[in-house]
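What's in entry.txt: compact mmCIF, C-alpha atoms
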```txt
# COMPACT_ATOMS: atom_id res chain seq x y z
CA MET K 19 -20.99 12.66 0.84
CA PHE K 20 -22.78 15.98 1.15
CA CYS K 21 -24.19 16.97 -2.23
CA GLY K 22 -21.99 19.37 -4.13
CA GLU K 23 -19.27 19.36 -1.48
CA TYR K 24 -15.75 19.94 -2.70
CA VAL K 25 -13.24 17.41 -1.40
CA GLN K 26 -9.54 18.09 -1.20
CA GLY K 27 -6.32 16.18 -0.75
CA THR K 28 -3.23 17.20 1.20
CA ILE K 29 -0.54 16.70 -1.46
CA PHE K 30 -0.41 18.83 -4.61
CA PRO K 31 2.06 19.17 -7.50
CA ALA K 32 5.09 21.15 -6.35
CA PRO K 33 5.60 24.46 -8.17
CA ASN K 34 8.90 25.00 -9.99
CA PHE K 35 9.38 21.24 -10.09
CA ASN K 36 12.83 20.06 -11.17
CA PRO K 37 13.07 16.24 -11.37
CA MET K 38 16.81 16.31 -12.08
CA MET K 39 17.55 18.33 -8.96
CA ASP K 40 15.27 16.11 -6.86
CA ALA K 41 16.90 12.95 -8.24
CA GLN K 42 20.35 14.33 -7.43
CA MET K 43 19.29 15.22 -3.90
CA LEU K 44 17.81 11.75 -3.40
CA GLY K 45 21.01 10.22 -4.76
CA GLY K 46 22.98 12.11 -2.11
CA ALA K 47 20.47 11.28 0.63
CA LEU K 48 20.64 7.55 -0.14
CA GLN K 49 24.42 7.31 -0.20
CA GLY K 50 26.34 5.78 2.67
CA PHE K 51 25.29 3.69 5.62
CA ASP K 52 23.11 6.30 7.34
CA CYS K 53 20.84 7.87 4.73
CA ASN K 54 19.31 11.33 5.13
CA LYS K 55 15.73 10.45 6.09
CA ASP K 56 14.72 14.07 6.54
CA MET K 57 15.66 14.77 2.92
CA LEU K 58 13.60 11.78 1.74
CA ILE K 59 10.56 13.07 3.64
CA ASP K 60 11.00 16.65 2.43
CA ILE K 61 11.10 15.56 -1.22
CA LEU K 62 8.77 12.55 -1.50
CA THR K 63 5.91 13.90 0.65
CA GLN K 64 5.97 17.30 -1.06
CA ARG K 65 5.62 16.07 -4.66
CA SER K 66 2.57 14.67 -6.43
CA ASN K 67 2.62 11.04 -7.49
CA ALA K 68 3.06 12.03 -11.13
CA GLN K 69 6.10 14.11 -10.13
CA ARG K 70 7.50 11.18 -8.12
CA GLN K 71 7.28 8.99 -11.22
CA MET K 72 9.31 11.57 -13.13
CA ILE K 73 11.87 11.66 -10.30
CA ALA K 74 12.11 7.85 -10.39
CA GLY K 75 12.71 7.88 -14.15
CA THR K 76 15.39 10.56 -13.82
CA TYR K 77 17.01 8.69 -10.92
CA GLN K 78 17.15 5.52 -13.03
CA SER K 79 18.83 7.43 -15.87
CA MET K 80 21.33 9.13 -13.57
CA TYR K 81 22.32 6.22 -11.34
CA GLY K 82 21.28 3.14 -13.32
CA ARG K 83 19.22 1.83 -10.41
CA ASP K 84 15.53 1.51 -9.61
CA LEU K 85 14.61 4.02 -6.88
CA ILE K 86 12.09 1.70 -5.20
CA SER K 87 14.71 -1.05 -4.95
CA VAL K 88 17.21 1.36 -3.39
CA LEU K 89 14.62 2.59 -0.86
CA LYS K 90 13.85 -1.02 0.09
CA GLU K 91 17.54 -1.73 0.60
CA GLN K 92 18.36 1.40 2.59
CA LEU K 93 15.29 1.77 4.79
CA SER K 94 13.51 -0.45 7.30
CA SER K 95 10.30 -1.02 9.21
CA HIS K 96 7.25 1.22 8.81
CA PHE K 97 9.25 4.20 7.53
CA LYS K 98 10.28 2.05 4.56
CA GLU K 99 6.63 1.11 3.93
CA VAL K 100 5.69 4.80 3.74
CA MET K 101 8.54 5.87 1.45
CA VAL K 102 8.17 2.87 -0.87
CA GLY K 103 4.37 3.20 -0.91
CA LEU K 104 4.64 6.83 -2.04
CA MET K 105 6.65 5.71 -5.09
CA TYR K 106 4.03 3.38 -6.57
CA PRO K 107 1.53 4.82 -9.09
CA PRO K 108 -1.92 4.70 -7.40
CA PRO K 109 -3.27 1.70 -9.36
CA SER K 110 -0.09 -0.26 -8.68
CA TYR K 111 -0.22 0.66 -5.00
CA ASP K 112 -3.82 -0.57 -4.67
CA ALA K 113 -3.01 -3.75 -6.59
CA HIS K 114 0.10 -4.30 -4.47
CA GLU K 115 -1.95 -3.98 -1.29
CA LEU K 116 -4.64 -6.34 -2.63
CA TRP K 117 -2.08 -8.90 -3.69
CA HIS K 118 -0.48 -8.92 -0.25
CA ALA K 119 -3.93 -9.12 1.36
CA MET K 120 -4.79 -12.22 -0.70
CA LYS K 121 -1.49 -14.08 -0.68
CA GLY K 122 -0.60 -16.73 1.87
CA PRO K 123 -2.88 -18.75 4.16
CA GLY K 124 -4.56 -15.80 5.91
CA THR K 125 -6.53 -13.29 3.84
CA ASP K 126 -6.68 -9.69 5.10
CA GLU K 127 -10.40 -9.17 4.55
CA ASN K 128 -10.35 -5.68 6.06
CA CYS K 129 -7.92 -4.50 3.38
CA LEU K 130 -9.95 -6.13 0.60
CA ILE K 131 -13.20 -4.61 1.84
CA GLU K 132 -11.71 -1.13 2.26
CA ILE K 133 -10.21 -1.00 -1.24
CA LEU K 134 -12.96 -2.73 -3.21
CA ALA K 135 -15.81 -0.87 -1.50
CA SER K 136 -14.29 2.58 -1.97
CA ARG K 137 -12.68 2.67 -5.42
CA THR K 138 -14.37 3.89 -8.60
CA ASN K 139 -14.83 1.79 -11.73
CA GLY K 140 -11.84 3.45 -13.34
CA GLU K 141 -9.63 2.90 -10.30
CA ILE K 142 -10.59 -0.78 -10.10
CA PHE K 143 -10.02 -1.27 -13.83
CA GLN K 144 -6.54 0.29 -13.58
CA MET K 145 -5.54 -1.85 -10.59
CA ARG K 146 -6.78 -4.96 -12.41
CA GLU K 147 -4.51 -4.12 -15.30
CA ALA K 148 -1.60 -3.23 -13.02
CA TYR K 149 -1.31 -6.64 -11.39
CA CYS K 150 -3.54 -8.80 -13.62
CA LEU K 151 -6.09 -9.24 -10.84
CA ARG K 152 -8.87 -9.73 -13.39
CA LYS K 153 -10.48 -12.84 -11.95
CA GLU K 154 -10.23 -11.89 -8.29
CA ILE K 155 -11.90 -8.45 -8.49
CA HIS K 156 -13.84 -8.60 -11.77
CA LYS K 157 -17.29 -8.27 -10.19
CA TYR K 158 -16.39 -4.99 -8.47
CA ALA K 159 -15.73 -3.08 -11.73
CA ASN K 160 -19.26 -3.15 -13.14
CA ARG K 161 -20.85 -0.17 -11.40
CA GLU K 162 -23.12 2.00 -13.54
CA GLU K 163 -21.96 5.60 -13.92
CA GLY K 164 -24.04 8.70 -13.15
CA TYR K 165 -27.44 7.14 -13.84
CA SER K 166 -30.57 7.38 -11.67
CA ASP K 167 -34.14 6.09 -12.09
CA PRO K 168 -36.64 6.85 -9.28
CA ALA K 169 -39.01 4.03 -10.31
CA MET K 170 -36.19 1.48 -10.33
CA ALA K 171 -34.94 2.86 -6.99
CA ALA K 172 -38.27 1.91 -5.37
CA GLN K 173 -38.00 -1.62 -6.78
CA ASP K 174 -34.38 -1.97 -5.65
CA ALA K 175 -35.25 -0.73 -2.17
CA MET K 176 -37.96 -3.39 -1.92
CA VAL K 177 -35.46 -6.05 -2.98
CA LEU K 178 -33.06 -4.86 -0.27
CA TRP K 179 -35.86 -4.92 2.30
CA GLU K 180 -36.81 -8.47 1.33
CA ALA K 181 -33.13 -9.49 1.43
CA CYS K 182 -32.91 -8.25 5.02
CA GLN K 183 -35.99 -10.27 5.93
CA GLN K 184 -35.39 -13.51 4.02
CA LYS K 185 -31.58 -13.81 4.20
CA THR K 186 -31.42 -16.65 1.66
CA GLY K 187 -28.39 -17.15 -0.59
CA GLU K 188 -30.37 -15.77 -3.53
CA HIS K 189 -31.40 -12.66 -1.61
CA LYS K 190 -27.81 -12.07 -0.48
CA THR K 191 -26.69 -12.24 -4.11
CA MET K 192 -29.38 -9.77 -5.19
CA MET K 193 -28.42 -7.37 -2.43
CA GLN K 194 -24.75 -7.56 -3.41
CA MET K 195 -25.59 -6.99 -7.07
CA ILE K 196 -27.57 -3.83 -6.30
CA LEU K 197 -24.92 -2.36 -3.98
CA CYS K 198 -22.00 -3.27 -6.27
CA ASN K 199 -23.54 -2.44 -9.65
CA LYS K 200 -25.83 0.56 -9.26
CA SER K 201 -24.47 4.08 -9.70
CA TYR K 202 -23.90 6.30 -6.67
CA PRO K 203 -26.77 8.69 -7.65
CA GLN K 204 -29.06 5.67 -8.03
CA LEU K 205 -28.04 4.27 -4.66
CA TRP K 206 -28.77 7.63 -3.03
CA LEU K 207 -32.37 7.24 -4.22
CA VAL K 208 -32.47 3.57 -3.19
CA PHE K 209 -31.32 4.41 0.35
CA GLN K 210 -34.02 7.09 0.66
CA GLU K 211 -36.68 4.67 -0.60
CA PHE K 212 -35.44 1.98 1.79
CA GLN K 213 -35.84 4.43 4.69
CA ASN K 214 -39.39 5.21 3.53
CA ILE K 215 -40.33 1.53 3.19
CA SER K 216 -38.73 0.19 6.36
CA GLY K 217 -38.45 3.21 8.64
CA GLN K 218 -34.86 2.11 9.19
CA ASP K 219 -31.43 3.18 7.97
CA LEU K 220 -29.96 0.58 5.60
CA VAL K 221 -26.75 0.25 7.64
CA ASP K 222 -28.78 -0.56 10.76
CA ALA K 223 -30.84 -3.08 8.81
CA ILE K 224 -27.74 -4.80 7.43
CA ASN K 225 -26.18 -4.93 10.90
CA ASP K 226 -29.37 -6.50 12.28
CA CYS K 227 -29.69 -9.10 9.52
CA TYR K 228 -26.14 -10.17 8.63
CA ASP K 229 -22.78 -10.68 10.27
CA GLY K 230 -19.18 -11.48 9.37
CA TYR K 231 -17.28 -10.14 6.39
CA PHE K 232 -20.38 -10.09 4.15
CA GLN K 233 -22.00 -7.63 6.54
CA GLU K 234 -18.79 -5.55 6.73
CA LEU K 235 -18.54 -5.37 2.93
CA LEU K 236 -22.16 -4.24 2.51
CA VAL K 237 -21.84 -1.61 5.26
CA ALA K 238 -18.60 -0.32 3.74
CA ILE K 239 -20.25 0.11 0.33
CA VAL K 240 -23.21 1.96 1.86
CA ARG K 241 -20.93 4.20 3.94
CA CYS K 242 -18.82 5.05 0.87
CA VAL K 243 -21.92 5.99 -1.11
CA GLN K 244 -23.22 8.15 1.74
CA ASP K 245 -19.95 9.95 2.57
CA LYS K 246 -16.59 8.47 1.54
CA PRO K 247 -14.40 10.83 3.62
CA SER K 248 -16.43 9.91 6.73
CA TYR K 249 -15.90 6.23 5.95
CA PHE K 250 -12.13 6.69 5.82
CA ALA K 251 -12.14 8.85 8.97
CA TYR K 252 -13.91 6.00 10.77
CA LYS K 253 -11.44 3.43 9.37
CA LEU K 254 -8.49 5.55 10.54
CA TYR K 255 -9.95 6.02 14.01
CA ARG K 256 -10.49 2.28 14.42
CA ALA K 257 -7.01 1.53 13.08
CA ILE K 258 -5.46 3.95 15.57
CA HIS K 259 -7.59 3.32 18.66
CA ASP K 260 -9.23 -0.11 18.36
CA PHE K 261 -6.33 -2.05 16.88
CA GLY K 262 -3.38 -0.50 18.75
CA PHE K 263 -2.28 1.66 15.80
CA HIS K 264 -2.65 -0.75 12.88
CA ASN K 265 0.26 0.59 10.84
CA LYS K 266 -0.61 -0.96 7.48
CA THR K 267 -4.13 0.49 7.50
CA VAL K 268 -2.98 3.98 8.55
CA ILE K 269 -0.20 4.02 5.94
CA ARG K 270 -2.46 2.70 3.18
CA ILE K 271 -5.25 5.23 3.74
CA LEU K 272 -2.94 8.24 4.09
CA ILE K 273 -1.03 7.40 0.91
CA ALA K 274 -4.03 6.32 -1.18
CA ARG K 275 -6.19 9.34 -0.27
CA SER K 276 -3.42 11.99 -0.10
CA GLU K 277 -4.23 13.53 -3.49
CA ILE K 278 -7.97 12.82 -3.43
CA ASP K 279 -9.74 13.71 -0.18
CA LEU K 280 -7.36 13.42 2.80
CA MET K 281 -7.91 17.04 3.85
CA THR K 282 -11.65 16.34 3.93
CA ILE K 283 -11.03 13.11 5.83
CA ARG K 284 -9.08 15.12 8.42
CA LYS K 285 -12.04 17.49 8.74
CA ARG K 286 -14.49 14.60 9.26
CA TYR K 287 -12.14 12.97 11.77
CA LYS K 288 -12.00 16.11 13.92
CA GLU K 289 -15.78 16.66 13.67
CA ARG K 290 -16.67 13.09 14.62
CA PHE K 291 -14.02 12.16 17.19
CA GLY K 292 -13.10 15.48 18.81
CA LYS K 293 -9.33 15.23 18.38
CA SER K 294 -7.47 15.78 15.14
CA LEU K 295 -5.86 13.07 13.04
CA PHE K 296 -2.60 14.98 13.43
CA HIS K 297 -2.91 14.74 17.23
CA ASP K 298 -3.62 11.01 17.24
CA ILE K 299 -0.79 10.13 14.84
CA LYS K 300 1.61 12.21 16.94
CA ASN K 301 0.52 10.34 20.07
CA PHE K 302 0.97 6.84 18.63
CA ALA K 303 3.82 7.04 16.08
CA SER K 304 7.40 8.23 16.59
CA GLY K 305 10.65 9.18 14.89
CA HIS K 306 10.94 9.61 11.13
CA TYR K 307 7.91 7.35 10.69
CA GLU K 308 5.81 9.86 12.62
CA LYS K 309 7.34 12.77 10.69
CA ALA K 310 6.53 11.12 7.34
CA LEU K 311 2.91 10.40 8.29
CA LEU K 312 2.40 13.94 9.57
CA ALA K 313 3.91 15.37 6.38
CA ILE K 314 1.40 13.38 4.27
CA CYS K 315 -1.39 14.36 6.65
CA ALA K 316 -0.25 18.00 6.25
CA GLY K 317 -1.01 18.76 9.86
CA ASP K 318 0.11 21.85 11.68
CA VAL K 319 0.40 23.15 15.23
CA GLU K 320 -3.23 24.28 15.28
CA ASP K 321 -4.35 20.70 14.68
CA TYR K 322 -2.60 19.44 17.77
```
Please go through the file and, once you have read it, give me the structure as structure tokens.
Amino acid sequence: MFCGEYVQGTIFPAPNFNPMMDAQMLGGALQGFDCNKDMLIDILTQRSNAQRQMIAGTYQSMYGRDLISVLKEQLSSHFKEVMVGLMYPPPSYDAHELWHAMKGPGTDENCLIEILASRTNGEIFQMREAYCLRKEIHKYANREEGYSDPAMAAQDAMVLWEACQQKTGEHKTMMQMILCNKSYPQLWLVFQEFQNISGQDLVDAINDCYDGYFQELLVAIVRCVQDKPSYFAYKLYRAIHDFGFHNKTVIRILIARSEIDLMTIRKRYKERFGKSLFHDIKNFASGHYEKALLAICAGDVEDY
């Protein structure tokens, strides 16, 4: 990311927040056969996650039922995925997505790569605790914090260069250790040194030397170090245009980044691809599902 740049989400804590009133309104919206989906969108997309947790607790006290369970019962399809996803605390949501990506015969490597390459140490530690995923993701929670050493950066860059040339199992392990364990400031220096040594961008070198999911993981880590909002803008564009609107990816990124950097992701998306994220979602989604995604995206007429 550009040095010193301020990133911004699209969802903020609602002023004059009243969890009892919100819980009552949700209770009314979820009664009967045909629930009030517009009310659900207006409340759940306009409250921070911390406020949603307070609403859920109040709802439980008032009605004696778990709000997530009621949403699962009353809603369906992708709209249900959005509303239920908004109700999970962020670590639980990440862990939930990882668990679903790993369960069953087919692993969703794209989901694993996206989450594990982009989350901070603290975020990975919290998701490990949330779903006891200690063994599966242990090696991704060992990144150094805020430390940089120019001399070591030159050594690390040489190791990466050799790993791109040799491509042995040992070199692949060393490359993964550097990219997974070094701090972001340190990796900034390493990438600059690599460019000086090789005359090549590290992403291009990785793409030339490796393939498959190992290559995708390494590139994702490098992209996240360089500019995380740009990485997510690229992931969203591919999910929308290259995979015929891959709903799970779009939903996951919008929810997970909504309070972190989604506004900045929108900016990168427009800069890189010409059309706004708001425009592309509106073209591919429909109904209350579309309305919920656009509310999280916080788009407006000017974005169309």
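Atom to atom, CA of His264 (chain K) and CA of Lys55 (chain K) stand 22.6 Å apart.
Proximity to Leu207 (chain K) was assessed for K:Phe232, K:Phe291, K:Tyr165, K:Tyr111 counting all atoms listed in the file; the smallest distance is recorded for K:Tyr165.
The closest residue to His118 (chain K), picked from K:Phe250, K:Arg161, K:Lys190, K:Lys266 and counting only C-alpha atoms, is K:Lys266.
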Using 4 Å of padding on each side, determine the axis-aligned box around all atoms of region 263-282 of chain K present in the file and give its centre and edge lengths in Å to one decimal, as AutoDock Vina command-line options.
```
--center_x -5.7 --center_y 8.0 --center_z 6.2 --size_x 19.9 --size_y 26.0 --size_z 27.3
```
For this session: Name all residues at most 9 Å from region 71-74 of chain K (count all atoms listed in the file; drop same-chain ones fewer than 4 positions away) and give them as an NGL selection string.
Result: :K and (36-41 or 66-67 or 78-79 or 84-86 or 105-107)
For Ser294 (chain K), the closest of K:Thr282, K:Gln92, K:Thr63, K:Ser136 counting all atoms listed in the file is K:Thr282
Nearest to Arg146 (chain K), restricted to only C-alpha atoms and choosing among K:Leu134, K:Ile278, K:Val88, K:Ala310, comes out as K:Leu134
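Taking CA of Ala135 (chain K) and CA of His259 (chain K) as endpoints, the distance between them is 22.2 Å.
Compared by their closest atoms to Lys90 (chain K), and using only C-alpha atoms, the residues K:Leu220, K:Leu58, K:Val25, K:Val102 rank with K:Val102 nearest.
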Check: Which residues, written as JSON, numbers by chain, have at least one atom at most 9 Å from Leu280 (chain K), with all atoms listed in the file counted and residues fewer than 2 positions away on the same chain left out?
Finding: {"K": [25, 26, 27, 28, 29, 247, 250, 271, 272, 273, 274, 275, 276, 277, 278, 282, 283, 284, 285, 314, 315]}
Those same residues - C-alpha atoms - I'd like them written as a PDB file, in the frame of the given file.
```
ATOM      1  CA  VAL K  25     -13.240  17.410  -1.400  1.00  0.00           C
ATOM      2  CA  GLN K  26      -9.540  18.090  -1.200  1.00  0.00           C
ATOM      3  CA  GLY K  27      -6.320  16.180  -0.750  1.00  0.00           C
ATOM      4  CA  THR K  28      -3.230  17.200   1.200  1.00  0.00           C
ATOM      5  CA  ILE K  29      -0.540  16.700  -1.460  1.00  0.00           C
ATOM      6  CA  PRO K 247     -14.400  10.830   3.620  1.00  0.00           C
ATOM      7  CA  PHE K 250     -12.130   6.690   5.820  1.00  0.00           C
ATOM      8  CA  ILE K 271      -5.250   5.230   3.740  1.00  0.00           C
ATOM      9  CA  LEU K 272      -2.940   8.240   4.090  1.00  0.00           C
ATOM     10  CA  ILE K 273      -1.030   7.400   0.910  1.00  0.00           C
ATOM     11  CA  ALA K 274      -4.030   6.320  -1.180  1.00  0.00           C
ATOM     12  CA  ARG K 275      -6.190   9.340  -0.270  1.00  0.00           C
ATOM     13  CA  SER K 276      -3.420  11.990  -0.100  1.00  0.00           C
ATOM     14  CA  GLU K 277      -4.230  13.530  -3.490  1.00  0.00           C
ATOM     15  CA  ILE K 278      -7.970  12.820  -3.430  1.00  0.00           C
ATOM     16  CA  THR K 282     -11.650  16.340   3.930  1.00  0.00           C
ATOM     17  CA  ILE K 283     -11.030  13.110   5.830  1.00  0.00           C
ATOM     18  CA  ARG K 284      -9.080  15.120   8.420  1.00  0.00           C
ATOM     19  CA  LYS K 285     -12.040  17.490   8.740  1.00  0.00           C
ATOM     20  CA  ILE K 314       1.400  13.380   4.270  1.00  0.00           C
ATOM     21  CA  CYS K 315      -1.390  14.360   6.650  1.00  0.00           C
TER      22      CYS K 315
END
```
Taken to one decimal, the CA of Leu311 (chain K)-CA of Ile269 (chain K) distance is 7.5 Å
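Comparing K:Ala223, K:Arg286, K:Glu308, K:Thr267 by their smallest distance to Ser248 (chain K), the closest is K:Arg286 (using all atoms listed in the file).
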Rows by chain and residue number, region 195-295 of chain K within 12 Å of region 139-143 of chain K, shortest pair, all atoms listed in the file, as JSON lines:
```
{"residue": "K:Cys198", "atom": "CA", "partner": "K:Asn139", "partner_atom": "CA", "distance": 10.3}
{"residue": "K:Asn199", "atom": "CA", "partner": "K:Asn139", "partner_atom": "CA", "distance": 9.9}
{"residue": "K:Lys200", "atom": "CA", "partner": "K:Asn139", "partner_atom": "CA", "distance": 11.3}
{"residue": "K:Ser201", "atom": "CA", "partner": "K:Asn139", "partner_atom": "CA", "distance": 10.1}
{"residue": "K:Tyr202", "atom": "CA", "partner": "K:Asn139", "partner_atom": "CA", "distance": 11.3}
{"residue": "K:Ala274", "atom": "CA", "partner": "K:Glu141", "partner_atom": "CA", "distance": 11.2}
```
Could you give me, as number ranges by chain, the residues within 9 Å of Ala175 (chain K), counting all atoms listed in the file and dropping anything in the same chain fewer than 5 positions from it?
K: 170, 180, 207-213, 215
Generate all heavy atoms for region 159-168 of chain K and emit them as a PDB file, in the coordinates of the input.
```
ATOM      1  N   ALA K 159     -15.992  -4.138 -10.751  1.00  0.00           N
ATOM      2  CA  ALA K 159     -15.730  -3.080 -11.730  1.00  0.00           C
ATOM      3  C   ALA K 159     -16.889  -2.909 -12.700  1.00  0.00           C
ATOM      4  O   ALA K 159     -16.696  -2.501 -13.837  1.00  0.00           O
ATOM      5  CB  ALA K 159     -14.448  -3.367 -12.475  1.00  0.00           C
ATOM      6  N   ASN K 160     -18.103  -3.211 -12.246  1.00  0.00           N
ATOM      7  CA  ASN K 160     -19.260  -3.150 -13.140  1.00  0.00           C
ATOM      8  C   ASN K 160     -20.299  -2.124 -12.686  1.00  0.00           C
ATOM      9  O   ASN K 160     -21.462  -2.223 -13.045  1.00  0.00           O
ATOM     10  CB  ASN K 160     -19.924  -4.532 -13.225  1.00  0.00           C
ATOM     11  CG  ASN K 160     -19.009  -5.558 -13.858  1.00  0.00           C
ATOM     12  OD1 ASN K 160     -18.372  -5.277 -14.867  1.00  0.00           O
ATOM     13  ND2 ASN K 160     -18.929  -6.736 -13.258  1.00  0.00           N
ATOM     14  N   ARG K 161     -19.890  -1.156 -11.901  1.00  0.00           N
ATOM     15  CA  ARG K 161     -20.850  -0.170 -11.400  1.00  0.00           C
ATOM     16  C   ARG K 161     -21.288   0.775 -12.512  1.00  0.00           C
ATOM     17  O   ARG K 161     -20.468   1.261 -13.286  1.00  0.00           O
ATOM     18  CB  ARG K 161     -20.241   0.622 -10.241  1.00  0.00           C
ATOM     19  CG  ARG K 161     -21.260   1.533  -9.558  1.00  0.00           C
ATOM     20  CD  ARG K 161     -20.678   2.297  -8.378  1.00  0.00           C
ATOM     21  NE  ARG K 161     -20.182   1.441  -7.324  1.00  0.00           N
ATOM     22  CZ  ARG K 161     -20.940   0.824  -6.418  1.00  0.00           C
ATOM     23  NH1 ARG K 161     -22.266   0.947  -6.487  1.00  0.00           N
ATOM     24  NH2 ARG K 161     -20.402   0.089  -5.475  1.00  0.00           N
ATOM     25  N   GLU K 162     -22.604   1.035 -12.585  1.00  0.00           N
ATOM     26  CA  GLU K 162     -23.120   2.000 -13.540  1.00  0.00           C
ATOM     27  C   GLU K 162     -22.602   3.392 -13.174  1.00  0.00           C
ATOM     28  O   GLU K 162     -22.308   3.664 -12.012  1.00  0.00           O
ATOM     29  CB  GLU K 162     -24.654   1.995 -13.511  1.00  0.00           C
ATOM     30  CG  GLU K 162     -25.266   0.655 -13.925  1.00  0.00           C
ATOM     31  CD  GLU K 162     -26.748   0.554 -13.580  1.00  0.00           C
ATOM     32  OE1 GLU K 162     -27.284   1.501 -12.954  1.00  0.00           O
ATOM     33  OE2 GLU K 162     -27.363  -0.472 -13.901  1.00  0.00           O
ATOM     34  N   GLU K 163     -22.503   4.263 -14.149  1.00  0.00           N
ATOM     35  CA  GLU K 163     -21.960   5.600 -13.920  1.00  0.00           C
ATOM     36  C   GLU K 163     -23.026   6.673 -14.093  1.00  0.00           C
ATOM     37  O   GLU K 163     -23.661   6.757 -15.145  1.00  0.00           O
ATOM     38  CB  GLU K 163     -20.794   5.868 -14.891  1.00  0.00           C
ATOM     39  CG  GLU K 163     -19.620   4.883 -14.780  1.00  0.00           C
ATOM     40  CD  GLU K 163     -18.705   5.186 -13.618  1.00  0.00           C
ATOM     41  OE1 GLU K 163     -18.966   6.171 -12.901  1.00  0.00           O
ATOM     42  OE2 GLU K 163     -17.736   4.435 -13.424  1.00  0.00           O
ATOM     43  N   GLY K 164     -23.245   7.482 -13.056  1.00  0.00           N
ATOM     44  CA  GLY K 164     -24.040   8.700 -13.150  1.00  0.00           C
ATOM     45  C   GLY K 164     -25.475   8.544 -13.614  1.00  0.00           C
ATOM     46  O   GLY K 164     -26.044   9.456 -14.186  1.00  0.00           O
ATOM     47  N   TYR K 165     -26.093   7.396 -13.339  1.00  0.00           N
ATOM     48  CA  TYR K 165     -27.440   7.140 -13.840  1.00  0.00           C
ATOM     49  C   TYR K 165     -28.387   6.971 -12.668  1.00  0.00           C
ATOM     50  O   TYR K 165     -28.049   6.305 -11.680  1.00  0.00           O
ATOM     51  CB  TYR K 165     -27.421   5.875 -14.697  1.00  0.00           C
ATOM     52  CG  TYR K 165     -28.779   5.354 -15.104  1.00  0.00           C
ATOM     53  CD1 TYR K 165     -29.501   5.959 -16.133  1.00  0.00           C
ATOM     54  CD2 TYR K 165     -29.346   4.262 -14.459  1.00  0.00           C
ATOM     55  CE1 TYR K 165     -30.751   5.476 -16.504  1.00  0.00           C
ATOM     56  CE2 TYR K 165     -30.587   3.775 -14.820  1.00  0.00           C
ATOM     57  CZ  TYR K 165     -31.290   4.383 -15.846  1.00  0.00           C
ATOM     58  OH  TYR K 165     -32.523   3.911 -16.213  1.00  0.00           O
ATOM     59  N   SER K 166     -29.583   7.559 -12.746  1.00  0.00           N
ATOM     60  CA  SER K 166     -30.570   7.380 -11.670  1.00  0.00           C
ATOM     61  C   SER K 166     -31.969   7.251 -12.257  1.00  0.00           C
ATOM     62  O   SER K 166     -32.321   7.905 -13.239  1.00  0.00           O
ATOM     63  CB  SER K 166     -30.516   8.543 -10.678  1.00  0.00           C
ATOM     64  OG  SER K 166     -30.811   9.758 -11.326  1.00  0.00           O
ATOM     65  N   ASP K 167     -32.784   6.387 -11.640  1.00  0.00           N
ATOM     66  CA  ASP K 167     -34.140   6.090 -12.090  1.00  0.00           C
ATOM     67  C   ASP K 167     -35.008   5.919 -10.850  1.00  0.00           C
ATOM     68  O   ASP K 167     -34.928   4.887 -10.171  1.00  0.00           O
ATOM     69  CB  ASP K 167     -34.125   4.816 -12.938  1.00  0.00           C
ATOM     70  CG  ASP K 167     -35.516   4.426 -13.428  1.00  0.00           C
ATOM     71  OD1 ASP K 167     -36.507   4.906 -12.862  1.00  0.00           O
ATOM     72  OD2 ASP K 167     -35.602   3.624 -14.373  1.00  0.00           O
ATOM     73  N   PRO K 168     -35.842   6.921 -10.511  1.00  0.00           N
ATOM     74  CA  PRO K 168     -36.640   6.850  -9.280  1.00  0.00           C
ATOM     75  C   PRO K 168     -37.532   5.607  -9.201  1.00  0.00           C
ATOM     76  O   PRO K 168     -37.670   5.015  -8.123  1.00  0.00           O
ATOM     77  CB  PRO K 168     -37.485   8.129  -9.337  1.00  0.00           C
ATOM     78  CG  PRO K 168     -36.665   9.074 -10.170  1.00  0.00           C
ATOM     79  CD  PRO K 168     -35.984   8.212 -11.196  1.00  0.00           C
TER      80      PRO K 168
END
```
